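**Q** Contents are mmCIF, C-alpha atoms; file name upload_16.cif:
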```cif
data_work
loop_
_atom_site.group_PDB
_atom_site.id
_atom_site.type_symbol
_atom_site.label_atom_id
_atom_site.label_comp_id
_atom_site.auth_asym_id
_atom_site.auth_seq_id
_atom_site.Cartn_x
_atom_site.Cartn_y
_atom_site.Cartn_z
ATOM 1 C CA THR V 119 0.000 0.000 0.000
ATOM 2 C CA GLN V 120 1.372 3.389 -0.978
ATOM 3 C CA LEU V 121 1.368 6.064 1.703
ATOM 4 C CA LEU V 122 1.405 9.831 1.535
ATOM 5 C CA GLU V 123 2.540 11.598 4.673
ATOM 6 C CA GLN V 124 1.186 15.103 4.906
ATOM 7 C CA SER V 125 2.491 17.688 7.380
ATOM 8 C CA PRO V 126 1.665 19.543 9.408
ATOM 9 C CA GLN V 127 -1.736 18.151 10.346
ATOM 10 C CA PHE V 128 -2.836 21.438 11.879
ATOM 11 C CA LEU V 129 -1.764 24.975 11.067
ATOM 12 C CA SER V 130 -3.096 28.077 12.783
ATOM 13 C CA ILE V 131 -1.700 31.383 11.567
ATOM 14 C CA GLN V 132 -2.470 35.086 11.360
ATOM 15 C CA GLU V 133 -3.622 36.819 8.220
ATOM 16 C CA GLY V 134 -0.687 37.904 6.091
ATOM 17 C CA GLU V 135 1.684 35.117 7.138
ATOM 18 C CA ASN V 136 3.214 32.632 4.741
ATOM 19 C CA LEU V 137 2.953 28.867 5.116
ATOM 20 C CA THR V 138 4.033 25.630 3.520
ATOM 21 C CA VAL V 139 2.337 22.228 3.578
ATOM 22 C CA TYR V 140 4.343 19.141 2.714
ATOM 23 C CA CYS V 141 3.339 15.844 1.166
ATOM 24 C CA ASN V 142 5.938 13.054 1.219
ATOM 25 C CA SER V 143 6.083 9.434 0.147
ATOM 26 C CA SER V 144 8.602 6.670 -0.401
ATOM 27 C CA SER V 145 6.691 5.763 -3.558
ATOM 28 C CA VAL V 146 6.810 7.355 -6.978
ATOM 29 C CA PHE V 147 3.558 8.787 -8.307
ATOM 30 C CA SER V 148 2.789 9.602 -11.917
ATOM 31 C CA SER V 149 0.972 12.718 -10.804
ATOM 32 C CA LEU V 150 0.116 14.567 -7.631
ATOM 33 C CA GLN V 151 -3.031 16.531 -6.987
ATOM 34 C CA TRP V 152 -3.930 19.084 -4.339
ATOM 35 C CA TYR V 153 -7.518 19.473 -3.174
ATOM 36 C CA ARG V 154 -9.209 21.893 -0.803
ATOM 37 C CA GLN V 155 -12.213 20.876 1.239
ATOM 38 C CA GLU V 156 -14.609 23.072 3.177
ATOM 39 C CA PRO V 157 -16.858 21.797 5.973
ATOM 40 C CA GLY V 158 -19.916 19.930 4.701
ATOM 41 C CA GLU V 159 -18.588 19.673 1.156
ATOM 42 C CA GLY V 160 -16.513 17.353 -0.968
ATOM 43 C CA PRO V 161 -12.918 18.159 -1.932
ATOM 44 C CA VAL V 162 -12.345 20.468 -4.891
ATOM 45 C CA LEU V 163 -9.271 20.197 -7.103
ATOM 46 C CA LEU V 164 -6.761 23.058 -6.882
ATOM 47 C CA VAL V 165 -3.994 21.771 -9.136
ATOM 48 C CA THR V 166 -2.399 18.702 -10.719
ATOM 49 C CA VAL V 167 1.370 18.392 -11.122
ATOM 50 C CA VAL V 168 2.728 15.759 -13.461
ATOM 51 C CA THR V 169 6.393 16.377 -14.257
ATOM 52 C CA GLY V 170 9.194 16.001 -11.727
ATOM 53 C CA GLY V 171 10.373 19.441 -10.644
ATOM 54 C CA GLU V 172 7.223 21.097 -11.927
ATOM 55 C CA VAL V 173 6.091 24.334 -10.284
ATOM 56 C CA LYS V 174 2.578 25.714 -10.713
ATOM 57 C CA LYS V 175 1.171 28.955 -9.379
ATOM 58 C CA LEU V 176 -2.430 29.733 -8.640
ATOM 59 C CA LYS V 177 -2.609 33.349 -7.451
ATOM 60 C CA ARG V 178 -1.015 33.259 -3.975
ATOM 61 C CA LEU V 179 -0.614 29.469 -4.012
ATOM 62 C CA THR V 180 2.537 27.799 -5.333
ATOM 63 C CA PHE V 181 2.670 24.055 -5.874
ATOM 64 C CA GLN V 182 5.821 22.049 -6.469
ATOM 65 C CA PHE V 183 6.374 18.431 -7.463
ATOM 66 C CA GLY V 184 9.657 16.897 -6.346
ATOM 67 C CA ASP V 185 12.241 15.907 -8.916
ATOM 68 C CA ALA V 186 11.801 12.230 -8.064
ATOM 69 C CA ARG V 187 7.988 12.554 -8.054
ATOM 70 C CA LYS V 188 7.804 11.310 -4.468
ATOM 71 C CA ASP V 189 6.966 14.551 -2.731
ATOM 72 C CA SER V 190 5.138 17.814 -3.199
ATOM 73 C CA SER V 191 4.614 21.093 -1.400
ATOM 74 C CA LEU V 192 1.974 23.780 -1.261
ATOM 75 C CA HIS V 193 3.108 27.279 -0.332
ATOM 76 C CA ILE V 194 0.638 30.052 0.426
ATOM 77 C CA THR V 195 1.849 33.630 0.444
ATOM 78 C CA ALA V 196 0.122 36.266 2.571
ATOM 79 C CA ALA V 197 -2.600 33.928 3.804
ATOM 80 C CA GLN V 198 -6.129 35.254 4.083
ATOM 81 C CA PRO V 199 -9.082 34.044 6.193
ATOM 82 C CA GLY V 200 -10.676 32.771 2.996
ATOM 83 C CA ASP V 201 -7.822 30.249 2.700
ATOM 84 C CA THR V 202 -9.106 28.456 5.793
ATOM 85 C CA GLY V 203 -9.970 24.839 5.068
ATOM 86 C CA LEU V 204 -8.700 21.302 4.793
ATOM 87 C CA TYR V 205 -5.955 20.773 2.227
ATOM 88 C CA LEU V 206 -5.390 17.302 0.836
ATOM 89 C CA CYS V 207 -2.704 15.919 -1.423
ATOM 90 C CA ALA V 208 -3.423 12.862 -3.563
ATOM 91 C CA GLY V 209 -1.071 10.692 -5.569
ATOM 92 C CA ALA V 210 -2.145 8.843 -8.684
ATOM 93 C CA ASN V 211 -0.711 5.900 -10.565
ATOM 94 C CA ALA V 212 -1.138 5.044 -14.200
ATOM 95 C CA GLY V 213 0.150 1.534 -14.360
ATOM 96 C CA GLY V 214 0.917 -1.769 -12.679
ATOM 97 C CA THR V 215 -1.295 -3.197 -9.973
ATOM 98 C CA SER V 216 -2.146 0.291 -8.689
ATOM 99 C CA TYR V 217 -3.642 1.491 -11.961
ATOM 100 C CA GLY V 218 -6.613 3.714 -11.233
ATOM 101 C CA LYS V 219 -5.917 4.041 -7.508
ATOM 102 C CA LEU V 220 -5.653 7.397 -5.835
ATOM 103 C CA THR V 221 -3.871 7.718 -2.485
ATOM 104 C CA PHE V 222 -4.644 10.666 -0.237
ATOM 105 C CA GLY V 223 -2.583 12.201 2.521
ATOM 106 C CA GLN V 224 -4.099 12.708 5.977
ATOM 107 C CA GLY V 225 -4.853 16.335 5.278
ATOM 108 C CA THR V 226 -3.804 19.684 6.756
ATOM 109 C CA ILE V 227 -6.386 21.767 8.586
ATOM 110 C CA LEU V 228 -5.467 25.406 7.994
ATOM 111 C CA THR V 229 -6.987 28.198 10.049
ATOM 112 C CA VAL V 230 -6.157 31.796 9.139
ATOM 113 C CA HIS V 231 -7.148 34.313 11.795
ATOM 114 C CA PRO V 232 -8.066 37.900 10.808
ATOM 115 C CA GLU N 21 -25.618 21.494 -13.847
ATOM 116 C CA ALA N 22 -22.707 19.040 -13.891
ATOM 117 C CA GLN N 23 -22.623 17.247 -10.583
ATOM 118 C CA VAL N 24 -22.189 14.118 -8.530
ATOM 119 C CA THR N 25 -25.130 13.333 -6.291
ATOM 120 C CA GLN N 26 -25.253 11.031 -3.298
ATOM 121 C CA ASN N 27 -28.200 9.748 -1.308
ATOM 122 C CA PRO N 28 -28.879 9.760 1.494
ATOM 123 C CA ARG N 29 -26.812 12.617 2.898
ATOM 124 C CA TYR N 30 -27.260 11.393 6.447
ATOM 125 C CA LEU N 31 -28.034 7.906 7.681
ATOM 126 C CA ILE N 32 -28.240 6.344 11.122
ATOM 127 C CA THR N 33 -28.655 2.584 11.160
ATOM 128 C CA VAL N 34 -28.052 -0.435 13.341
ATOM 129 C CA THR N 35 -25.471 -3.179 13.119
ATOM 130 C CA GLY N 36 -26.279 -5.814 10.510
ATOM 131 C CA LYS N 37 -29.009 -3.962 8.628
ATOM 132 C CA LYS N 38 -28.105 -3.911 4.940
ATOM 133 C CA LEU N 39 -27.922 -0.504 3.326
ATOM 134 C CA THR N 40 -27.109 1.097 -0.006
ATOM 135 C CA VAL N 41 -25.715 4.547 -0.639
ATOM 136 C CA THR N 42 -26.415 5.699 -4.164
ATOM 137 C CA CYS N 43 -24.093 7.761 -6.336
ATOM 138 C CA SER N 44 -24.932 9.256 -9.687
ATOM 139 C CA GLN N 45 -23.050 11.567 -12.062
ATOM 140 C CA ASN N 46 -24.385 13.419 -15.094
ATOM 141 C CA MET N 47 -21.034 14.166 -16.770
ATOM 142 C CA ASN N 48 -20.649 10.918 -18.739
ATOM 143 C CA HIS N 49 -17.517 10.134 -16.728
ATOM 144 C CA GLU N 50 -15.859 6.750 -17.142
ATOM 145 C CA TYR N 51 -14.137 6.622 -13.757
ATOM 146 C CA MET N 52 -16.003 6.519 -10.452
ATOM 147 C CA SER N 53 -14.764 5.895 -6.954
ATOM 148 C CA TRP N 54 -15.850 5.646 -3.319
ATOM 149 C CA TYR N 55 -13.882 7.020 -0.374
ATOM 150 C CA ARG N 56 -14.353 7.154 3.336
ATOM 151 C CA GLN N 57 -13.046 10.045 5.390
ATOM 152 C CA ASP N 58 -12.117 9.654 9.031
ATOM 153 C CA PRO N 59 -10.411 12.218 11.296
ATOM 154 C CA GLY N 60 -6.641 12.095 10.993
ATOM 155 C CA LEU N 61 -6.750 9.516 8.199
ATOM 156 C CA GLY N 62 -7.653 11.652 5.217
ATOM 157 C CA LEU N 63 -9.576 10.021 2.405
ATOM 158 C CA ARG N 64 -9.186 6.291 1.886
ATOM 159 C CA GLN N 65 -10.293 4.654 -1.311
ATOM 160 C CA ILE N 66 -12.811 1.823 -0.914
ATOM 161 C CA TYR N 67 -13.552 0.759 -4.472
ATOM 162 C CA TYR N 68 -13.184 2.268 -7.898
ATOM 163 C CA SER N 69 -14.518 1.587 -11.358
ATOM 164 C CA MET N 70 -12.763 2.286 -14.628
ATOM 165 C CA ASN N 71 -15.907 1.715 -16.689
ATOM 166 C CA VAL N 72 -19.172 -0.191 -16.812
ATOM 167 C CA GLU N 73 -18.890 -3.686 -15.330
ATOM 168 C CA VAL N 74 -15.265 -3.008 -14.275
ATOM 169 C CA THR N 75 -14.596 -2.552 -10.559
ATOM 170 C CA ASP N 76 -11.469 -2.866 -8.422
ATOM 171 C CA LYS N 77 -10.621 -2.785 -4.752
ATOM 172 C CA GLY N 78 -9.084 0.273 -3.217
ATOM 173 C CA ASP N 79 -7.192 0.333 0.058
ATOM 174 C CA VAL N 80 -10.097 -0.463 2.421
ATOM 175 C CA PRO N 81 -12.644 -2.676 0.602
ATOM 176 C CA GLU N 82 -13.521 -5.027 3.455
ATOM 177 C CA GLY N 83 -17.211 -4.938 4.353
ATOM 178 C CA TYR N 84 -18.241 -3.101 1.183
ATOM 179 C CA LYS N 85 -19.583 -4.052 -2.227
ATOM 180 C CA VAL N 86 -20.095 -2.005 -5.358
ATOM 181 C CA SER N 87 -21.595 -2.472 -8.789
ATOM 182 C CA ARG N 88 -21.345 -0.553 -12.059
ATOM 183 C CA LYS N 89 -24.180 -1.717 -14.255
ATOM 184 C CA GLU N 90 -24.539 1.627 -15.993
ATOM 185 C CA LYS N 91 -22.125 4.465 -16.553
ATOM 186 C CA ARG N 92 -23.827 7.096 -14.437
ATOM 187 C CA ASN N 93 -24.451 5.063 -11.266
ATOM 188 C CA PHE N 94 -22.054 3.517 -8.758
ATOM 189 C CA PRO N 95 -23.862 2.377 -5.602
ATOM 190 C CA LEU N 96 -22.018 1.436 -2.415
ATOM 191 C CA ILE N 97 -23.506 -1.525 -0.562
ATOM 192 C CA LEU N 98 -22.916 -2.449 3.056
ATOM 193 C CA GLU N 99 -24.303 -5.979 3.456
ATOM 194 C CA SER N 100 -23.873 -6.119 7.220
ATOM 195 C CA PRO N 101 -22.785 -2.740 8.588
ATOM 196 C CA SER N 102 -20.705 -2.577 11.728
ATOM 197 C CA PRO N 103 -19.880 0.376 14.018
ATOM 198 C CA ASN N 104 -16.360 0.668 12.548
ATOM 199 C CA GLN N 105 -17.995 1.657 9.258
ATOM 200 C CA THR N 106 -19.295 4.832 10.859
ATOM 201 C CA SER N 107 -17.719 7.479 8.667
ATOM 202 C CA LEU N 108 -18.171 10.203 6.082
ATOM 203 C CA TYR N 109 -18.400 8.711 2.602
ATOM 204 C CA PHE N 110 -17.644 10.439 -0.672
ATOM 205 C CA CYS N 111 -18.326 9.372 -4.215
ATOM 206 C CA ALA N 112 -16.231 10.871 -7.003
ATOM 207 C CA SER N 113 -16.012 10.687 -10.772
ATOM 208 C CA SER N 114 -13.569 11.753 -13.455
ATOM 209 C CA LEU N 115 -13.642 11.952 -17.216
ATOM 210 C CA PHE N 116 -11.089 9.375 -18.298
ATOM 211 C CA ALA N 117 -9.798 6.245 -16.699
ATOM 212 C CA GLY N 118 -6.940 5.996 -19.164
ATOM 213 C CA THR N 119 -4.767 8.699 -17.649
ATOM 214 C CA SER N 120 -3.769 9.174 -14.086
ATOM 215 C CA TYR N 121 -4.229 12.847 -13.582
ATOM 216 C CA ASN N 122 -7.786 13.792 -14.342
ATOM 217 C CA GLU N 123 -9.687 16.008 -11.943
ATOM 218 C CA GLN N 124 -12.013 14.089 -9.682
ATOM 219 C CA PHE N 125 -15.393 15.661 -8.986
ATOM 220 C CA PHE N 126 -16.724 14.792 -5.559
ATOM 221 C CA GLY N 127 -20.247 14.419 -4.306
ATOM 222 C CA PRO N 128 -21.429 16.250 -1.166
ATOM 223 C CA GLY N 129 -20.818 13.282 1.126
ATOM 224 C CA THR N 130 -22.931 10.846 3.135
ATOM 225 C CA ARG N 131 -22.525 10.791 6.890
ATOM 226 C CA LEU N 132 -23.199 7.254 8.105
ATOM 227 C CA THR N 133 -23.587 6.237 11.726
ATOM 228 C CA VAL N 134 -23.843 2.549 12.605
ATOM 229 C CA LEU N 135 -25.069 1.880 16.132
#
```
Could you spell out this file's structure in C-alpha cells?

**A**
Amino acid sequence: TQLLEQSPQFLSIQEGENLTVYCNSSSVFSSLQWYRQEPGEGPVLLVTVVTGGEVKKLKRLTFQFGDARKDSSLHITAAQPGDTGLYLCAGANAGGTSYGKLTFGQGTILTVHP
Amino acid sequence: EAQVTQNPRYLITVTGKKLTVTCSQNMNHEYMSWYRQDPGLGLRQIYYSMNVEVTDKGDVPEGYKVSRKEKRNFPLILESPSPNQTSLYFCASSLFAGTSYNEQFFGPGTRLTVL
C-alpha cells in the first residue's frame, strides 16, 4: 500500500503570514493533486502536477512536485481568512497493480485568523 | 448542472441492517470511486470503477460491495454494517480512466452512523 505523509496536520496562523504544507512518500507517483475541502462539502481540485520538478502557481498558491515525483509542497503567500480549510494531497498511478488508484494524505487543517 | 449526487446525505442505522448509498453523475464520466473520510486519516479509497462492469478494490474494501451496471451510477452496498464503518463517505467521478491525472469531482458526502 502506498502512503502519503502530509504535514503539518494542523496549522493556525495570522492573516498575512506565509505557510508551507508538505506531502511526502517513499513511492513514486505519476501525478500529484492538491484538493481543498470546506466543511460539509466534498474536496475540490486546486492543481495537478505531473512532471518532476514542476512548479505551478495559482494566485497566492505555489505548488511544487519533487524531482523524483515522491513529494510535493503547497506554499501560500500572505494567507487570508478565505484560505481556511482542509488541504489534501493525492497521488495517482497510471500503471501496474495500482492502476486507477488514488492515495490521499491525511490532510492539513489550515486556520487563518483575521 | 454538472454534478455528482449522493443519497442519502445522512443515515443512522443499526449493526447488521443492509444498506445502499447511491451515487450518480451526469457528466458521462468513465471513472467513479468511493472514499471514506475519518479524522486524521484523510480520504481512503474503498472501491473504484474504470468503466461499466469493471470494478477494483481500493485500500479499504472489506465490508463493502459495489456495482457498475450503468455508466452514471455507482452504488455502495454495506451488506452487514458494523460500528467501525461509521464514517463520512464520498463518491467521485472523473472523465477518463486511461490517464492518471484527471480532476475528480466529488459528491457532497454521506454521513453514516452505525449503532

**Q** Which residues of chain N come within 12 Å of chain V, and for each one, what is the closest pair of atoms and their distance in Å to one decimal, counting all atoms listed in the file, sorted by chain and residue number, as JSON lines?

**A**
```
{"residue": "N:Gln23", "atom": "CA", "partner": "V:Gly160", "partner_atom": "CA", "distance": 11.4}
{"residue": "N:Val24", "atom": "CA", "partner": "V:Gly160", "partner_atom": "CA", "distance": 10.0}
{"residue": "N:Thr25", "atom": "CA", "partner": "V:Gly160", "partner_atom": "CA", "distance": 10.9}
{"residue": "N:Gln26", "atom": "CA", "partner": "V:Gly160", "partner_atom": "CA", "distance": 11.0}
{"residue": "N:Arg29", "atom": "CA", "partner": "V:Gly158", "partner_atom": "CA", "distance": 10.2}
{"residue": "N:Tyr30", "atom": "CA", "partner": "V:Gly158", "partner_atom": "CA", "distance": 11.4}
{"residue": "N:Glu50", "atom": "CA", "partner": "V:Gly218", "partner_atom": "CA", "distance": 11.4}
{"residue": "N:Tyr51", "atom": "CA", "partner": "V:Gly218", "partner_atom": "CA", "distance": 8.5}
{"residue": "N:Met52", "atom": "CA", "partner": "V:Gly218", "partner_atom": "CA", "distance": 9.8}
{"residue": "N:Ser53", "atom": "CA", "partner": "V:Lys219", "partner_atom": "CA", "distance": 9.1}
{"residue": "N:Trp54", "atom": "CA", "partner": "V:Leu220", "partner_atom": "CA", "distance": 10.6}
{"residue": "N:Tyr55", "atom": "CA", "partner": "V:Leu220", "partner_atom": "CA", "distance": 9.9}
{"residue": "N:Arg56", "atom": "CA", "partner": "V:Phe222", "partner_atom": "CA", "distance": 10.9}
{"residue": "N:Gln57", "atom": "CA", "partner": "V:Gln224", "partner_atom": "CA", "distance": 9.4}
{"residue": "N:Asp58", "atom": "CA", "partner": "V:Gln224", "partner_atom": "CA", "distance": 9.1}
{"residue": "N:Pro59", "atom": "CA", "partner": "V:Gln224", "partner_atom": "CA", "distance": 8.3}
{"residue": "N:Gly60", "atom": "CA", "partner": "V:Gln224", "partner_atom": "CA", "distance": 5.7}
{"residue": "N:Leu61", "atom": "CA", "partner": "V:Gln224", "partner_atom": "CA", "distance": 4.7}
{"residue": "N:Gly62", "atom": "CA", "partner": "V:Gln224", "partner_atom": "CA", "distance": 3.8}
{"residue": "N:Leu63", "atom": "CA", "partner": "V:Phe222", "partner_atom": "CA", "distance": 5.6}
{"residue": "N:Arg64", "atom": "CA", "partner": "V:Phe222", "partner_atom": "CA", "distance": 6.7}
{"residue": "N:Gln65", "atom": "CA", "partner": "V:Leu220", "partner_atom": "CA", "distance": 7.0}
{"residue": "N:Ile66", "atom": "CA", "partner": "V:Lys219", "partner_atom": "CA", "distance": 9.8}
{"residue": "N:Tyr67", "atom": "CA", "partner": "V:Lys219", "partner_atom": "CA", "distance": 8.8}
{"residue": "N:Tyr68", "atom": "CA", "partner": "V:Lys219", "partner_atom": "CA", "distance": 7.5}
{"residue": "N:Ser69", "atom": "CA", "partner": "V:Gly218", "partner_atom": "CA", "distance": 8.2}
{"residue": "N:Met70", "atom": "CA", "partner": "V:Gly218", "partner_atom": "CA", "distance": 7.2}
{"residue": "N:Asn71", "atom": "CA", "partner": "V:Gly218", "partner_atom": "CA", "distance": 11.0}
{"residue": "N:Val74", "atom": "CA", "partner": "V:Gly218", "partner_atom": "CA", "distance": 11.4}
{"residue": "N:Thr75", "atom": "CA", "partner": "V:Gly218", "partner_atom": "CA", "distance": 10.2}
{"residue": "N:Asp76", "atom": "CA", "partner": "V:Gly218", "partner_atom": "CA", "distance": 8.6}
{"residue": "N:Lys77", "atom": "CA", "partner": "V:Lys219", "partner_atom": "CA", "distance": 8.7}
{"residue": "N:Gly78", "atom": "CA", "partner": "V:Lys219", "partner_atom": "CA", "distance": 6.5}
{"residue": "N:Asp79", "atom": "CA", "partner": "V:Thr119", "partner_atom": "CA", "distance": 7.2}
{"residue": "N:Val80", "atom": "CA", "partner": "V:Thr119", "partner_atom": "CA", "distance": 10.4}
{"residue": "N:Leu108", "atom": "CA", "partner": "V:Gly158", "partner_atom": "CA", "distance": 10.0}
{"residue": "N:Tyr109", "atom": "CA", "partner": "V:Gly160", "partner_atom": "CA", "distance": 9.5}
{"residue": "N:Phe110", "atom": "CA", "partner": "V:Gly160", "partner_atom": "CA", "distance": 7.0}
{"residue": "N:Cys111", "atom": "CA", "partner": "V:Gly160", "partner_atom": "CA", "distance": 8.8}
{"residue": "N:Ala112", "atom": "CA", "partner": "V:Gly160", "partner_atom": "CA", "distance": 8.9}
{"residue": "N:Ser113", "atom": "CA", "partner": "V:Gly218", "partner_atom": "CA", "distance": 11.7}
{"residue": "N:Ser114", "atom": "CA", "partner": "V:Gly218", "partner_atom": "CA", "distance": 10.9}
{"residue": "N:Phe116", "atom": "CA", "partner": "V:Gly218", "partner_atom": "CA", "distance": 10.1}
{"residue": "N:Ala117", "atom": "CA", "partner": "V:Gly218", "partner_atom": "CA", "distance": 6.8}
{"residue": "N:Gly118", "atom": "CA", "partner": "V:Ala212", "partner_atom": "CA", "distance": 7.7}
{"residue": "N:Thr119", "atom": "CA", "partner": "V:Ala212", "partner_atom": "CA", "distance": 6.2}
{"residue": "N:Ser120", "atom": "CA", "partner": "V:Ala212", "partner_atom": "CA", "distance": 4.9}
{"residue": "N:Tyr121", "atom": "CA", "partner": "V:Ser149", "partner_atom": "CA", "distance": 5.9}
{"residue": "N:Asn122", "atom": "CA", "partner": "V:Thr166", "partner_atom": "CA", "distance": 8.1}
{"residue": "N:Glu123", "atom": "CA", "partner": "V:Leu163", "partner_atom": "CA", "distance": 6.4}
{"residue": "N:Gln124", "atom": "CA", "partner": "V:Leu163", "partner_atom": "CA", "distance": 7.2}
{"residue": "N:Phe125", "atom": "CA", "partner": "V:Val162", "partner_atom": "CA", "distance": 7.0}
{"residue": "N:Phe126", "atom": "CA", "partner": "V:Gly160", "partner_atom": "CA", "distance": 5.3}
{"residue": "N:Gly127", "atom": "CA", "partner": "V:Gly160", "partner_atom": "CA", "distance": 5.8}
{"residue": "N:Pro128", "atom": "CA", "partner": "V:Glu159", "partner_atom": "CA", "distance": 5.0}
{"residue": "N:Gly129", "atom": "CA", "partner": "V:Gly160", "partner_atom": "CA", "distance": 6.3}
{"residue": "N:Thr130", "atom": "CA", "partner": "V:Gly158", "partner_atom": "CA", "distance": 9.7}
{"residue": "N:Arg131", "atom": "CA", "partner": "V:Gly158", "partner_atom": "CA", "distance": 9.8}
```

**Q** Might I get the box with edges along x, y and z of the file that holds all atoms of segment 83-98 of chain N listed there, padded by 3 Å on every side, given as centre and edge lengths in Å to one decimal, as JSON?

**A**
```
{"center_x": -20.9, "center_y": 1.1, "center_z": -6.1, "size_x": 13.3, "size_y": 18.0, "size_z": 26.9}
```

**Q** I need the residue set behind the PyMOL selection byres ((chain V and resi 131) around 8) for this file; please write it as a ChimeraX atom specification.

**A** /V:129-130,132-133,135,228-231

**Q** Which polymer residues have any atom within 7 Å of an atom of Leu137 of chain V, counting all atoms listed in the file, with same-chain residues fewer than 6 positions away left out, as a PyMOL selection string?

**A** chain V and resi 193-195

**Q** Check what the PyMOL selection byres ((chain V and resi 182) around 10) selects in the file above and give those residues as a list in words.

**A** Tyr140, Leu150, Thr166, Val167, Val168, Thr169, Gly170, Gly171, Glu172, Val173, Lys174, Lys175, Thr180, Phe181, Phe183, Gly184, Asp185, Arg187, Asp189, Ser190, Ser191, Leu192 and His193 of chain V

**Q** Just write the chosen residues, C-alpha atoms, as a compact mmCIF listing (two decimals), in the coordinates of the input.

**A**
```
# COMPACT_ATOMS: atom_id res chain seq x y z
CA TYR V 140 4.34 19.14 2.71
CA LEU V 150 0.12 14.57 -7.63
CA THR V 166 -2.40 18.70 -10.72
CA VAL V 167 1.37 18.39 -11.12
CA VAL V 168 2.73 15.76 -13.46
CA THR V 169 6.39 16.38 -14.26
CA GLY V 170 9.19 16.00 -11.73
CA GLY V 171 10.37 19.44 -10.64
CA GLU V 172 7.22 21.10 -11.93
CA VAL V 173 6.09 24.33 -10.28
CA LYS V 174 2.58 25.71 -10.71
CA LYS V 175 1.17 28.96 -9.38
CA THR V 180 2.54 27.80 -5.33
CA PHE V 181 2.67 24.06 -5.87
CA PHE V 183 6.37 18.43 -7.46
CA GLY V 184 9.66 16.90 -6.35
CA ASP V 185 12.24 15.91 -8.92
CA ARG V 187 7.99 12.55 -8.05
CA ASP V 189 6.97 14.55 -2.73
CA SER V 190 5.14 17.81 -3.20
CA SER V 191 4.61 21.09 -1.40
CA LEU V 192 1.97 23.78 -1.26
CA HIS V 193 3.11 27.28 -0.33
```

**Q** If the PyMOL selection byres ((chain N and resi 98-104) around 10) is run on the structure shown, which residues does it catch, given as a list in words?

**A**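 With the PyMOL selection byres ((chain N and resi 98-104) around 10) on this model, the match is Thr33, Val34, Thr35, Gly36, Lys37, Lys38, Leu39, Thr40, Val41, Glu82, Gly83, Tyr84, Lys85, Val86, Pro95, Leu96, Ile97, Gln105, Thr106, Ser107, Leu132, Thr133, Val134 and Leu135 of chain N.
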
**Q** Just give me the residues with any atom within 9 Å of (7.1, 4.6, -0.1), file coordinates, counting all atoms listed in the file, written as a list in words.

**A**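 Those within range, by chain then number, are Thr119, Gln120, Leu121, Leu122, Asn142, Ser143, Ser144, Ser145, Val146 and Lys188 of chain V.
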
**Q** Output C-alpha atoms for every residue in that selection, as a PDB file, keeping the file's coordinate frame.

**A**
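Result written to again33.pdb:
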```pdb
ATOM      1  CA  THR V 119       0.000   0.000   0.000  1.00  0.00           C
ATOM      2  CA  GLN V 120       1.372   3.389  -0.978  1.00  0.00           C
ATOM      3  CA  LEU V 121       1.368   6.064   1.703  1.00  0.00           C
ATOM      4  CA  LEU V 122       1.405   9.831   1.535  1.00  0.00           C
ATOM      5  CA  ASN V 142       5.938  13.054   1.219  1.00  0.00           C
ATOM      6  CA  SER V 143       6.083   9.434   0.147  1.00  0.00           C
ATOM      7  CA  SER V 144       8.602   6.670  -0.401  1.00  0.00           C
ATOM      8  CA  SER V 145       6.691   5.763  -3.558  1.00  0.00           C
ATOM      9  CA  VAL V 146       6.810   7.355  -6.978  1.00  0.00           C
ATOM     10  CA  LYS V 188       7.804  11.310  -4.468  1.00  0.00           C
TER      11      LYS V 188
END
```

**Q** Go through N:Ser87, N:Glu73, N:Ala22, N:Cys43 and flag the residue nearest Leu115 of chain N, using all atoms listed in the file for the distances.

**A** N:Ala22

**Q** Take atom CA of Asn27 of chain N and atom CA of Asp201 of chain V and report the distance between them in Å, one decimal.

**A**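 Straight-line distance from atom CA of Asn27 of chain N to atom CA of Asp201 of chain V works out to 29.2 Å.
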
**Q** Can you measure atom CA of Asn93 of chain N to atom CA of Pro81 of chain N for me? One decimal in Å is fine.

**A**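 Atom CA of Pro81 of chain N lies 18.4 Å from atom CA of Asn93 of chain N.
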
**Q** Any idea what's packed within 7 Å of Arg92 of chain N, counting all atoms listed in the file, ignoring anything in its chain fewer than 5 positions away? Could you give it as a list in words?

**A** Ser44, Gln45, Asn46 and Asn48 of chain N

**Q** Rounded to one decimal, what separation in Å do you get between atom CA of Gly203 of chain V and atom CA of His49 of chain N?

**A** 27.4 Å

**Q** My structure is short of atoms at segment 88-95 of chain N; please model N, CA and C atoms there, returning them as a JSON list (two decimals), in the coordinates of the input.

**A**
```json
[["chain", "number", "residue", "atom", "x", "y", "z"],
["N", 88, "ARG", "N", -21.32, -1.61, -11.03],
["N", 88, "ARG", "CA", -21.34, -0.55, -12.06],
["N", 88, "ARG", "C", -22.07, -1.13, -13.27],
["N", 89, "LYS", "N", -23.37, -1.16, -13.18],
["N", 89, "LYS", "CA", -24.18, -1.72, -14.26],
["N", 89, "LYS", "C", -24.43, -0.70, -15.35],
["N", 90, "GLU", "N", -24.38, 0.57, -15.01],
["N", 90, "GLU", "CA", -24.54, 1.63, -15.99],
["N", 90, "GLU", "C", -23.54, 2.73, -15.66],
["N", 91, "LYS", "N", -23.22, 3.52, -16.68],
["N", 91, "LYS", "CA", -22.12, 4.46, -16.55],
["N", 91, "LYS", "C", -22.37, 5.50, -15.47],
["N", 92, "ARG", "N", -23.57, 5.97, -15.32],
["N", 92, "ARG", "CA", -23.83, 7.10, -14.44],
["N", 92, "ARG", "C", -23.94, 6.71, -12.96],
["N", 93, "ASN", "N", -24.18, 5.44, -12.65],
["N", 93, "ASN", "CA", -24.45, 5.06, -11.27],
["N", 93, "ASN", "C", -23.40, 4.13, -10.68],
["N", 94, "PHE", "N", -23.08, 4.33, -9.42],
["N", 94, "PHE", "CA", -22.05, 3.52, -8.76],
["N", 94, "PHE", "C", -22.45, 3.37, -7.28],
["N", 95, "PRO", "N", -23.40, 2.51, -6.98],
["N", 95, "PRO", "CA", -23.86, 2.38, -5.60],
["N", 95, "PRO", "C", -22.87, 1.66, -4.70]]
```
